[in-house]
>>> print(open('model.json').read())   # JSON, C-alpha atoms
[["chain", "number", "residue", "atom", "x", "y", "z"],
["A", 4, "MET", "CA", -16.69, -14.32, -2.66],
["A", 5, "GLN", "CA", -14.17, -14.94, 0.11],
["A", 6, "ALA", "CA", -11.50, -12.25, 0.44],
["A", 7, "LYS", "CA", -7.96, -13.17, -0.52],
["A", 8, "THR", "CA", -5.59, -13.19, 2.41],
["A", 9, "LEU", "CA", -2.22, -11.49, 2.74],
["A", 10, "LEU", "CA", 0.03, -12.51, 5.61],
["A", 11, "VAL", "CA", 2.95, -10.20, 6.18],
["A", 12, "THR", "CA", 5.73, -10.46, 8.75],
["A", 13, "ARG", "CA", 7.52, -7.19, 9.48],
["A", 14, "PRO", "CA", 9.65, -7.17, 12.61],
["A", 15, "ASN", "CA", 11.39, -3.93, 13.53],
["A", 16, "HIS", "CA", 14.10, -4.80, 16.01],
["A", 17, "ASP", "CA", 17.04, -3.24, 14.18],
["A", 18, "LEU", "CA", 17.80, -0.62, 11.56],
["A", 19, "ILE", "CA", 17.24, -2.78, 8.51],
["A", 20, "THR", "CA", 14.10, -4.51, 9.71],
["A", 21, "ASN", "CA", 12.81, -1.05, 10.63],
["A", 22, "TYR", "CA", 13.21, 0.05, 7.00],
["A", 23, "LEU", "CA", 11.44, -3.10, 5.82],
["A", 24, "PHE", "CA", 8.73, -2.55, 8.45],
["A", 25, "TYR", "CA", 7.82, 0.86, 7.02],
["A", 26, "TRP", "CA", 8.09, -0.18, 3.38],
["A", 27, "ALA", "CA", 5.98, -3.32, 3.92],
["A", 28, "ALA", "CA", 3.29, -1.09, 5.46],
["A", 29, "LEU", "CA", 2.76, 0.45, 2.00],
["A", 30, "VAL", "CA", 1.91, -3.01, 0.66],
["A", 31, "VAL", "CA", -0.47, -3.64, 3.55],
["A", 32, "LYS", "CA", -2.20, -0.33, 2.82],
["A", 33, "LEU", "CA", -2.70, -1.23, -0.85],
["A", 34, "ALA", "CA", -3.94, -4.73, -0.02],
["A", 35, "LYS", "CA", -6.49, -3.24, 2.39],
["A", 36, "ARG", "CA", -7.73, -0.91, -0.34],
["A", 37, "LYS", "CA", -8.06, -3.89, -2.68],
["A", 38, "GLY", "CA", -10.24, -5.73, -0.15],
["A", 39, "PHE", "CA", -7.70, -8.28, 1.06],
["A", 40, "LYS", "CA", -7.98, -9.81, 4.48],
["A", 41, "ILE", "CA", -4.76, -8.74, 6.22],
["A", 42, "LEU", "CA", -2.79, -10.74, 8.76],
["A", 43, "ASP", "CA", -0.23, -8.18, 9.82],
["A", 44, "LEU", "CA", 2.45, -9.73, 12.01],
["A", 45, "SER", "CA", 4.24, -6.51, 12.81],
["A", 46, "GLY", "CA", 6.90, -5.88, 15.44],
["A", 47, "ALA", "CA", 7.06, -8.50, 18.20],
["A", 48, "LYS", "CA", 4.02, -10.26, 16.70],
["A", 49, "ALA", "CA", 6.33, -11.58, 13.97],
["A", 50, "ASN", "CA", 7.23, -14.69, 15.94],
["A", 51, "TYR", "CA", 7.14, -18.45, 15.36],
["A", 52, "ARG", "CA", 4.05, -19.19, 17.42],
["A", 53, "VAL", "CA", 1.81, -16.55, 15.84],
["A", 54, "PHE", "CA", 3.14, -17.20, 12.34],
["A", 55, "VAL", "CA", 2.48, -20.93, 12.44],
["A", 56, "SER", "CA", -0.91, -20.51, 14.04],
["A", 57, "TYR", "CA", -2.07, -17.86, 11.50],
["A", 58, "VAL", "CA", -0.84, -19.85, 8.51],
["A", 59, "LYS", "CA", -2.54, -23.04, 9.70],
["A", 60, "LYS", "CA", -5.79, -21.25, 10.43],
["A", 61, "HIS", "CA", -6.07, -18.88, 7.46],
["A", 62, "HIS", "CA", -4.05, -20.50, 4.63],
["A", 63, "PRO", "CA", -2.98, -17.11, 3.23],
["A", 64, "LYS", "CA", -2.70, -16.97, -0.54],
["A", 65, "LEU", "CA", 0.11, -14.40, -0.37],
["A", 66, "VAL", "CA", 2.87, -14.56, 2.25],
["A", 67, "PHE", "CA", 5.23, -11.60, 2.40],
["A", 68, "LEU", "CA", 8.17, -12.24, 4.72],
["A", 69, "ASN", "CA", 10.42, -9.39, 5.83],
["A", 70, "GLY", "CA", 13.34, -10.18, 8.10],
["A", 71, "HIS", "CA", 16.79, -11.61, 8.29],
["A", 72, "GLY", "CA", 17.43, -14.98, 6.78],
["A", 73, "SER", "CA", 19.87, -17.65, 5.82],
["A", 74, "ALA", "CA", 19.91, -20.38, 3.19],
["A", 75, "ASP", "CA", 17.58, -22.57, 5.24],
["A", 76, "ALA", "CA", 15.58, -20.21, 7.45],
["A", 77, "ILE", "CA", 13.81, -16.87, 7.75],
["A", 78, "THR", "CA", 13.50, -15.05, 11.03],
["A", 79, "GLY", "CA", 11.06, -12.70, 12.67],
["A", 80, "TYR", "CA", 11.28, -10.36, 15.63],
["A", 81, "GLY", "CA", 14.56, -10.64, 17.54],
["A", 82, "ASN", "CA", 15.82, -13.00, 14.83],
["A", 83, "GLU", "CA", 13.58, -15.83, 16.07],
["A", 84, "ILE", "CA", 13.27, -18.46, 13.34],
["A", 85, "ILE", "CA", 9.73, -18.56, 11.97],
["A", 86, "ILE", "CA", 10.22, -20.89, 9.01],
["A", 87, "GLN", "CA", 12.98, -23.41, 8.44],
["A", 88, "VAL", "CA", 13.88, -26.32, 6.20],
["A", 89, "ASN", "CA", 12.77, -29.66, 7.69],
["A", 90, "LEU", "CA", 10.84, -27.86, 10.44],
["A", 91, "ASN", "CA", 7.86, -26.19, 8.81],
["A", 92, "ASP", "CA", 8.75, -25.54, 5.17],
["A", 93, "ASN", "CA", 5.69, -27.58, 4.20],
["A", 94, "LEU", "CA", 3.44, -25.00, 5.83],
["A", 95, "LEU", "CA", 2.98, -22.79, 2.80],
["A", 96, "LYS", "CA", 1.25, -25.24, 0.47],
["A", 97, "GLY", "CA", -0.51, -23.38, -2.32],
["A", 98, "SER", "CA", 0.77, -19.96, -1.22],
["A", 99, "ILE", "CA", 2.80, -17.47, -3.20],
["A", 100, "VAL", "CA", 5.75, -16.36, -1.07],
["A", 101, "TYR", "CA", 7.92, -13.30, -1.35],
["A", 102, "ALA", "CA", 10.88, -13.49, 1.05],
["A", 103, "ARG", "CA", 12.61, -10.14, 1.44],
["A", 104, "SER", "CA", 15.52, -11.64, 3.31],
["A", 105, "CYS", "CA", 18.98, -13.00, 2.66],
["A", 106, "ASP", "CA", 19.88, -16.29, 0.99],
["A", 107, "ALA", "CA", 16.53, -18.04, 1.55],
["A", 108, "ALA", "CA", 15.94, -18.78, -2.14],
["A", 109, "SER", "CA", 19.06, -20.91, -2.26],
["A", 110, "ILE", "CA", 17.68, -23.77, -0.13],
["A", 111, "LEU", "CA", 14.48, -22.88, 1.76],
["A", 112, "GLY", "CA", 12.79, -21.59, -1.41],
["A", 113, "LYS", "CA", 13.55, -24.81, -3.22],
["A", 114, "THR", "CA", 12.38, -27.15, -0.45],
["A", 115, "SER", "CA", 9.32, -25.02, 0.10],
["A", 116, "VAL", "CA", 8.34, -25.30, -3.59],
["A", 117, "ARG", "CA", 9.08, -29.02, -3.50],
["A", 118, "ASN", "CA", 6.66, -29.22, -0.57],
["A", 119, "GLY", "CA", 3.84, -27.47, -2.40],
["A", 120, "THR", "CA", 4.41, -23.71, -2.29],
["A", 121, "ALA", "CA", 2.98, -22.38, -5.57],
["A", 122, "ALA", "CA", 5.81, -19.91, -6.16],
["A", 123, "PHE", "CA", 8.65, -18.44, -4.17],
["A", 124, "VAL", "CA", 10.41, -15.18, -4.98],
["A", 125, "GLY", "CA", 13.51, -14.43, -2.96],
["A", 126, "TYR", "CA", 17.24, -13.89, -3.00],
["A", 127, "LYS", "CA", 19.81, -16.62, -3.51],
["A", 128, "LYS", "CA", 22.52, -14.51, -1.86],
["A", 129, "LYS", "CA", 22.51, -11.58, 0.57],
["A", 130, "PHE", "CA", 19.72, -9.03, 0.27],
["A", 131, "ILE", "CA", 21.49, -5.70, 0.29],
["A", 132, "LEU", "CA", 19.97, -2.42, 1.40],
["A", 133, "CYS", "CA", 21.84, 0.84, 0.94],
["A", 134, "TYR", "CA", 20.59, 3.82, 2.86],
["A", 135, "SER", "CA", 21.44, 7.34, 3.79],
["A", 136, "PRO", "CA", 22.62, 7.48, 7.44],
["A", 137, "SER", "CA", 21.21, 11.01, 7.64],
["A", 138, "LYS", "CA", 17.70, 9.64, 6.90],
["A", 139, "ILE", "CA", 17.42, 6.63, 9.16],
["A", 140, "THR", "CA", 14.64, 8.20, 11.22],
["A", 141, "LYS", "CA", 12.55, 8.62, 8.04],
["A", 142, "PRO", "CA", 12.85, 5.36, 6.08],
["A", 143, "LEU", "CA", 10.21, 6.33, 3.53],
["A", 144, "SER", "CA", 12.04, 9.57, 2.66],
["A", 145, "ASP", "CA", 15.46, 8.00, 2.25],
["A", 146, "GLU", "CA", 16.47, 8.77, -1.33],
["A", 147, "VAL", "CA", 18.98, 5.91, -1.42],
["A", 148, "ALA", "CA", 16.83, 3.21, 0.18],
["A", 149, "ILE", "CA", 13.92, 4.04, -2.12],
["A", 150, "LEU", "CA", 16.00, 2.81, -5.08],
["A", 151, "PHE", "CA", 16.17, -0.63, -3.44],
["A", 152, "LEU", "CA", 12.82, -0.95, -1.71],
["A", 153, "GLU", "CA", 10.44, 0.47, -4.28],
["A", 154, "PRO", "CA", 11.37, -2.20, -6.89],
["A", 155, "SER", "CA", 11.32, -4.82, -4.17],
["A", 156, "ASN", "CA", 7.79, -3.79, -3.13],
["A", 157, "LEU", "CA", 6.66, -4.31, -6.71],
["A", 158, "ILE", "CA", 6.58, -8.07, -6.22],
["A", 159, "PRO", "CA", 3.66, -8.09, -3.75],
["A", 160, "ILE", "CA", 2.08, -4.97, -5.27],
["A", 161, "SER", "CA", 1.89, -6.55, -8.74],
["A", 162, "LEU", "CA", 0.51, -9.75, -7.30],
["A", 163, "ILE", "CA", -2.15, -7.87, -5.36],
["A", 164, "LYS", "CA", -3.09, -6.08, -8.57],
["A", 165, "GLY", "CA", -3.77, -9.45, -10.19],
["A", 166, "ASN", "CA", -0.60, -10.16, -12.12],
["A", 167, "ILE", "CA", 0.96, -13.60, -12.40],
["A", 168, "VAL", "CA", 4.21, -14.18, -10.49],
["A", 169, "GLU", "CA", 6.35, -14.03, -13.62],
["A", 170, "ALA", "CA", 4.96, -10.58, -14.45],
["A", 171, "ALA", "CA", 5.51, -9.38, -10.88],
["A", 172, "TYR", "CA", 9.08, -10.64, -11.01],
["A", 173, "GLN", "CA", 9.74, -8.94, -14.34],
["A", 174, "LYS", "CA", 8.29, -5.65, -13.09],
["A", 175, "SER", "CA", 10.62, -5.76, -10.10],
["A", 176, "GLN", "CA", 13.61, -6.66, -12.28],
["A", 177, "ASN", "CA", 12.81, -3.88, -14.74],
["A", 178, "ALA", "CA", 12.36, -1.33, -11.97],
["A", 179, "MET", "CA", 15.76, -2.27, -10.51],
["A", 180, "ARG", "CA", 17.28, -1.95, -13.95],
["A", 181, "SER", "CA", 15.66, 1.44, -14.44],
["A", 182, "ASN", "CA", 16.88, 2.65, -11.02],
["A", 183, "PHE", "CA", 20.32, 1.28, -11.82],
["A", 184, "TRP", "CA", 20.59, 3.37, -14.99],
["A", 185, "PHE", "CA", 19.39, 6.41, -13.06],
["A", 186, "MET", "CA", 22.14, 5.79, -10.49],
["A", 187, "LEU", "CA", 24.75, 5.84, -13.22],
["A", 188, "SER", "CA", 23.41, 9.09, -14.63],
["A", 189, "THR", "CA", 24.41, 12.67, -13.82],
["A", 190, "LYS", "CA", 20.97, 13.16, -12.23],
["A", 191, "ALA", "CA", 21.85, 10.88, -9.30],
["A", 192, "ALA", "CA", 23.30, 12.20, -6.03],
["A", 193, "GLN", "CA", 26.74, 10.90, -5.07],
["A", 194, "ASN", "CA", 25.42, 8.44, -2.47],
["A", 195, "GLN", "CA", 22.93, 7.07, -5.03],
["A", 196, "LYS", "CA", 25.70, 6.58, -7.61],
["A", 197, "ASP", "CA", 27.88, 4.79, -5.05],
["A", 198, "ALA", "CA", 25.06, 2.36, -4.26],
["A", 199, "ALA", "CA", 24.81, 1.10, -7.86],
["A", 200, "PRO", "CA", 26.98, -2.06, -7.48],
["A", 201, "TYR", "CA", 24.81, -3.20, -4.59],
["A", 202, "LEU", "CA", 21.53, -2.77, -6.46],
["A", 203, "TRP", "CA", 23.08, -4.66, -9.37],
["A", 204, "ALA", "CA", 23.89, -7.54, -6.99],
["A", 205, "ASN", "CA", 20.30, -7.59, -5.68],
["A", 206, "ARG", "CA", 18.96, -7.73, -9.22],
["A", 207, "LYS", "CA", 21.16, -10.66, -10.09],
["A", 208, "ASN", "CA", 20.34, -12.53, -6.90],
["A", 209, "GLN", "CA", 16.56, -12.13, -6.99],
["A", 210, "VAL", "CA", 15.02, -15.35, -8.30],
["A", 211, "LEU", "CA", 11.62, -16.83, -9.01],
["A", 212, "LEU", "CA", 11.06, -20.48, -8.11],
["A", 213, "GLY", "CA", 8.00, -22.61, -8.70],
["A", 214, "ASN", "CA", 5.09, -21.90, -11.03],
["A", 215, "PRO", "CA", 5.63, -18.63, -12.93],
["A", 216, "ASP", "CA", 1.95, -18.57, -13.91],
["A", 217, "ALA", "CA", 0.69, -18.67, -10.33],
["A", 218, "LYS", "CA", -1.54, -15.78, -9.32],
["A", 219, "LEU", "CA", -3.72, -14.79, -6.39],
["B", 9, "MET", "CA", 76.18, -17.94, -8.96],
["B", 10, "LYS", "CA", 72.91, -16.50, -7.78],
["B", 11, "ILE", "CA", 70.04, -18.95, -7.52],
["B", 12, "ASN", "CA", 66.72, -17.91, -8.97],
["B", 13, "PRO", "CA", 64.01, -20.02, -7.35],
["B", 14, "LYS", "CA", 61.59, -19.32, -10.22],
["B", 15, "PRO", "CA", 58.35, -19.52, -8.27],
["B", 16, "SER", "CA", 55.17, -20.38, -10.11],
["B", 17, "THR", "CA", 54.32, -17.56, -12.50],
["B", 18, "LYS", "CA", 50.65, -18.33, -12.09],
["B", 19, "LEU", "CA", 50.87, -17.94, -8.32],
["B", 20, "ILE", "CA", 52.74, -14.62, -8.55],
["B", 21, "LEU", "CA", 50.31, -13.30, -11.12],
["B", 22, "SER", "CA", 47.38, -14.43, -9.04],
["B", 23, "ASP", "CA", 48.70, -12.66, -5.97],
["B", 24, "GLU", "CA", 49.45, -9.54, -7.95],
["B", 25, "VAL", "CA", 46.05, -9.49, -9.56],
["B", 26, "ARG", "CA", 44.42, -10.16, -6.23],
["B", 27, "ALA", "CA", 46.28, -7.24, -4.65],
["B", 28, "ASP", "CA", 45.40, -5.00, -7.59],
["B", 29, "LEU", "CA", 41.75, -5.93, -7.39],
["B", 30, "LYS", "CA", 41.71, -5.36, -3.65],
["B", 31, "ASN", "CA", 43.26, -1.92, -4.15],
["B", 32, "LEU", "CA", 40.75, -1.16, -6.84],
["B", 33, "VAL", "CA", 37.84, -2.00, -4.54],
["B", 34, "LEU", "CA", 39.41, -0.03, -1.68],
["B", 35, "ALA", "CA", 39.83, 2.98, -3.98],
["B", 36, "ARG", "CA", 36.20, 2.76, -5.05],
["B", 37, "ILE", "CA", 35.03, 2.67, -1.43],
["B", 38, "LYS", "CA", 37.38, 5.50, -0.39],
["B", 39, "THR", "CA", 35.87, 7.82, -2.96],
["B", 40, "ALA", "CA", 32.30, 6.95, -1.98],
["B", 41, "SER", "CA", 30.01, 9.41, -0.23],
["B", 42, "GLU", "CA", 30.16, 9.59, 3.56],
["B", 43, "ASP", "CA", 26.37, 9.66, 3.49],
["B", 44, "LEU", "CA", 26.02, 6.03, 2.45],
["B", 45, "GLY", "CA", 25.31, 3.06, 4.69],
["B", 46, "VAL", "CA", 25.33, -0.46, 3.31],
["B", 47, "ALA", "CA", 23.50, -3.30, 5.01],
["B", 48, "ILE", "CA", 24.60, -6.66, 3.69],
["B", 49, "GLY", "CA", 22.20, -9.01, 5.34],
["B", 50, "SER", "CA", 22.05, -8.08, 8.99],
["B", 51, "THR", "CA", 25.44, -6.36, 8.96],
["B", 52, "GLU", "CA", 25.30, -2.58, 8.73],
["B", 53, "LEU", "CA", 28.47, -1.01, 7.46],
["B", 54, "SER", "CA", 29.75, 2.55, 7.25],
["B", 55, "LYS", "CA", 32.33, 3.55, 4.68],
["B", 56, "GLN", "CA", 35.10, 3.20, 7.29],
["B", 57, "GLU", "CA", 33.90, -0.24, 8.34],
["B", 58, "MET", "CA", 33.82, -1.41, 4.73],
["B", 59, "LEU", "CA", 37.38, -0.22, 4.24],
["B", 60, "GLU", "CA", 38.48, -2.12, 7.34],
["B", 61, "LYS", "CA", 36.69, -5.31, 6.27],
["B", 62, "VAL", "CA", 38.12, -5.27, 2.76],
["B", 63, "THR", "CA", 41.61, -4.47, 4.07],
["B", 64, "LYS", "CA", 41.41, -7.41, 6.49],
["B", 65, "GLU", "CA", 39.80, -9.61, 3.85],
["B", 66, "ASP", "CA", 37.54, -11.19, 6.43],
["B", 67, "LYS", "CA", 34.36, -12.96, 5.30],
["B", 68, "MET", "CA", 32.39, -9.75, 4.92],
["B", 69, "GLY", "CA", 35.36, -8.03, 3.28],
["B", 70, "GLN", "CA", 35.50, -10.78, 0.68],
["B", 71, "GLU", "CA", 31.77, -10.47, 0.15],
["B", 72, "ILE", "CA", 32.14, -6.72, -0.51],
["B", 73, "MET", "CA", 35.01, -7.38, -2.90],
["B", 74, "ASN", "CA", 32.97, -9.96, -4.78],
["B", 75, "ILE", "CA", 30.05, -7.55, -5.16],
["B", 76, "HIS", "CA", 32.29, -4.85, -6.63],
["B", 77, "LEU", "CA", 34.28, -7.22, -8.82],
["B", 78, "GLU", "CA", 31.18, -8.89, -10.21],
["B", 79, "TYR", "CA", 29.79, -5.46, -11.00],
["B", 80, "LEU", "CA", 33.00, -4.38, -12.75],
["B", 81, "ARG", "CA", 33.18, -7.68, -14.62],
["B", 82, "ASP", "CA", 29.59, -7.27, -15.84],
["B", 83, "MET", "CA", 30.39, -3.70, -16.88],
["B", 84, "ALA", "CA", 33.51, -4.78, -18.77],
["B", 85, "SER", "CA", 31.88, -7.76, -20.44],
["B", 86, "GLY", "CA", 28.83, -5.78, -21.46],
["B", 87, "ALA", "CA", 26.52, -8.04, -19.44],
["B", 88, "ILE", "CA", 25.01, -4.96, -17.84],
["B", 89, "TYR", "CA", 23.99, -3.63, -21.24],
["B", 90, "GLN", "CA", 22.60, -7.00, -22.31],
["B", 91, "SER", "CA", 20.30, -7.32, -19.30],
["B", 92, "SER", "CA", 16.66, -7.67, -20.27],
["B", 93, "ASN", "CA", 15.25, -4.56, -21.92],
["B", 94, "ALA", "CA", 18.61, -2.82, -21.53],
["B", 95, "GLY", "CA", 18.92, 0.61, -22.94]]
>>> encode(input="model.json", output="structure tokens")
Amino acid sequence: MQAKTLLVTRPNHDLITNYLFYWAALVVKLAKRKGFKILDLSGAKANYRVFVSYVKKHHPKLVFLNGHGSADAITGYGNEIIIQVNLNDNLLKGSIVYARSCDAASILGKTSVRNGTAAFVGYKKKFILCYSPSKITKPLSDEVAILFLEPSNLIPISLIKGNIVEAAYQKSQNAMRSNFWFMLSTKAAQNQKDAAPYLWANRKNQVLLGNPDAKL
Amino acid sequence: MKINPKPSTKLILSDEVRADLKNLVLARIKTASEDLGVAIGSTELSKQEMLEKVTKEDKMGQEIMNIHLEYLRDMASGAIYQSSNAG
């Protein structure tokens, strides 16, 4: 049987993309263990030319995009646009897409699904990441960022484990809710408590478009 | 006789409420930990920068206000407790 393919973009040209870079690596590691074929567009490799060429050649079943975005585009390394409405949003036919970037679900997600993307999970407003400035050299040990990125990682992780998109989405939503209640509790550190409104916004803005029953 | 211009009550109330809400958000940010960075999209903000943005009410300042006010509204309305599987 042919291996399922995961394509991940994870530029690392600024603080936030660097956090996403490290956290996306955990997904890549799991996918490797599960026997996926990995197309890892990390760092400067997350650019338009490589992205388009890899998608056309390999037709990845799961596309995990990390980077800055807007309502109609998602960018890669150096904020170069890699996918955009009316440019190449028909590229991801049949794929399940998770866009960990701002705003893209508001327009790009919709046009992408209209053009054949099986399902698109993303954010209809800004994706917010709170972090501890004293931990920026160790993104995986940041006790504030973990509250945002662990639930976010659950989307691709659940899909890789064989769940349908709706289940992956619900797991992520539930994990954000669970972290949110922790942040309001006496067990949370002050900086974790203060980040609660931002996690709440992410939870509200994360949406699932397309076929909820799609799976890898 | 002194003239009372009687400006629109709605407008005055709106301005007052707006100022109150702005002060509320500023107070919440002022009391926040110094060890907290917030990246809203590609904009990384320290506590001081957030205070400046909200005070100026620029685009990002308004965005920060909306995030806090939506959160407080959901708290007050109970929407937070009604979220799926709440408890």
>>> interface_residues(input="model.json", of="chain A", to="chain B", cutoff="7 Å", atoms="all atoms listed in the file", output="list of chain:residue names")
A:His71, A:Cys105, A:Lys129, A:Phe130, A:Ile131, A:Leu132, A:Cys133, A:Tyr134, A:Ser135, A:Pro136, A:Ser137, A:Gln193, A:Asn194, A:Asp197, A:Pro200, A:Tyr201, A:Trp203, A:Ala204
>>> closest_residue(input="model.json", among="A:Asn15, A:Ser175, A:Asn182, A:Thr189", to="Ser161 (chain A)", atoms="all atoms listed in the file")
A:Ser175
>>> atom_distance(input="model.json", atom1="CA of Glu60 (chain B)", atom2="CA of Lys38 (chain B)")
10.9 Å
>>> atom_distance(input="model.json", atom1="CA of Leu23 (chain A)", atom2="CA of Leu10 (chain A)")
14.8 Å
>>> atom_distance(input="model.json", atom1="CA of Ile85 (chain A)", atom2="CA of Tyr25 (chain A)")
20.1 Å
>>> axis_aligned_box(input="model.json", around="region 62-78 of chain B", padding_each_side="4 Å", output="AutoDock Vina command-line options")
--center_x 35.8 --center_y -8.7 --center_z -1.9 --size_x 19.6 --size_y 16.5 --size_z 24.7
>>> residues_around(input="model.json", residues="region 49-58 of chain A", least_positions_apart="6", cutoff="8 Å", atoms="all atoms listed in the file", output="list in words")
Leu10, Thr12, Arg13, Pro14, Leu42, Thr78, Gly79, Tyr80, Glu83, Ile84, Ile85, Ile86, Leu94 and Leu95 of chain A
>>> residues_around(input="model.json", residues="Lys35 (chain A)", least_positions_apart="3", cutoff="12 Å", atoms="only C-alpha atoms", output="ChimeraX atom specification")
/A:6-10,28-32,38-43,160,163-164
>>> residues_around(input="model.json", residues="Lys61 (chain B)", least_positions_apart="2", cutoff="12 Å", atoms="all atoms listed in the file", output="PDB file with C-alpha atoms, keeping the file's coordinate frame")
ATOM      1  CA  LYS B  30      41.710  -5.360  -3.650  1.00  0.00           C
ATOM      2  CA  VAL B  33      37.840  -2.000  -4.540  1.00  0.00           C
ATOM      3  CA  LEU B  34      39.410  -0.030  -1.680  1.00  0.00           C
ATOM      4  CA  ILE B  37      35.030   2.670  -1.430  1.00  0.00           C
ATOM      5  CA  THR B  51      25.440  -6.360   8.960  1.00  0.00           C
ATOM      6  CA  GLU B  52      25.300  -2.580   8.730  1.00  0.00           C
ATOM      7  CA  LEU B  53      28.470  -1.010   7.460  1.00  0.00           C
ATOM      8  CA  SER B  54      29.750   2.550   7.250  1.00  0.00           C
ATOM      9  CA  LYS B  55      32.330   3.550   4.680  1.00  0.00           C
ATOM     10  CA  GLN B  56      35.100   3.200   7.290  1.00  0.00           C
ATOM     11  CA  GLU B  57      33.900  -0.240   8.340  1.00  0.00           C
ATOM     12  CA  MET B  58      33.820  -1.410   4.730  1.00  0.00           C
ATOM     13  CA  LEU B  59      37.380  -0.220   4.240  1.00  0.00           C
ATOM     14  CA  THR B  63      41.610  -4.470   4.070  1.00  0.00           C
ATOM     15  CA  LYS B  64      41.410  -7.410   6.490  1.00  0.00           C
ATOM     16  CA  GLU B  65      39.800  -9.610   3.850  1.00  0.00           C
ATOM     17  CA  ASP B  66      37.540 -11.190   6.430  1.00  0.00           C
ATOM     18  CA  LYS B  67      34.360 -12.960   5.300  1.00  0.00           C
ATOM     19  CA  MET B  68      32.390  -9.750   4.920  1.00  0.00           C
ATOM     20  CA  GLY B  69      35.360  -8.030   3.280  1.00  0.00           C
ATOM     21  CA  GLN B  70      35.500 -10.780   0.680  1.00  0.00           C
ATOM     22  CA  GLU B  71      31.770 -10.470   0.150  1.00  0.00           C
ATOM     23  CA  ILE B  72      32.140  -6.720  -0.510  1.00  0.00           C
ATOM     24  CA  MET B  73      35.010  -7.380  -2.900  1.00  0.00           C
TER      25      MET B  73
END
>>> closest_residue(input="model.json", among="A:Ala102, A:Thr20, A:Leu202, A:Lys174", to="Leu187 (chain A)", atoms="all atoms listed in the file")
A:Leu202
>>> residues_around(input="model.json", residues="Met179 (chain A)", least_positions_apart="6", cutoff="9 Å", atoms="only C-alpha atoms", output="PyMOL selection string")
chain A and resi 150-151+153-155+202-203+205-206
>>> closest_residue(input="model.json", among="A:Val210, A:Leu143, A:Ala121, A:Ala171", to="Pro63 (chain A)", atoms="only C-alpha atoms")
A:Ala121
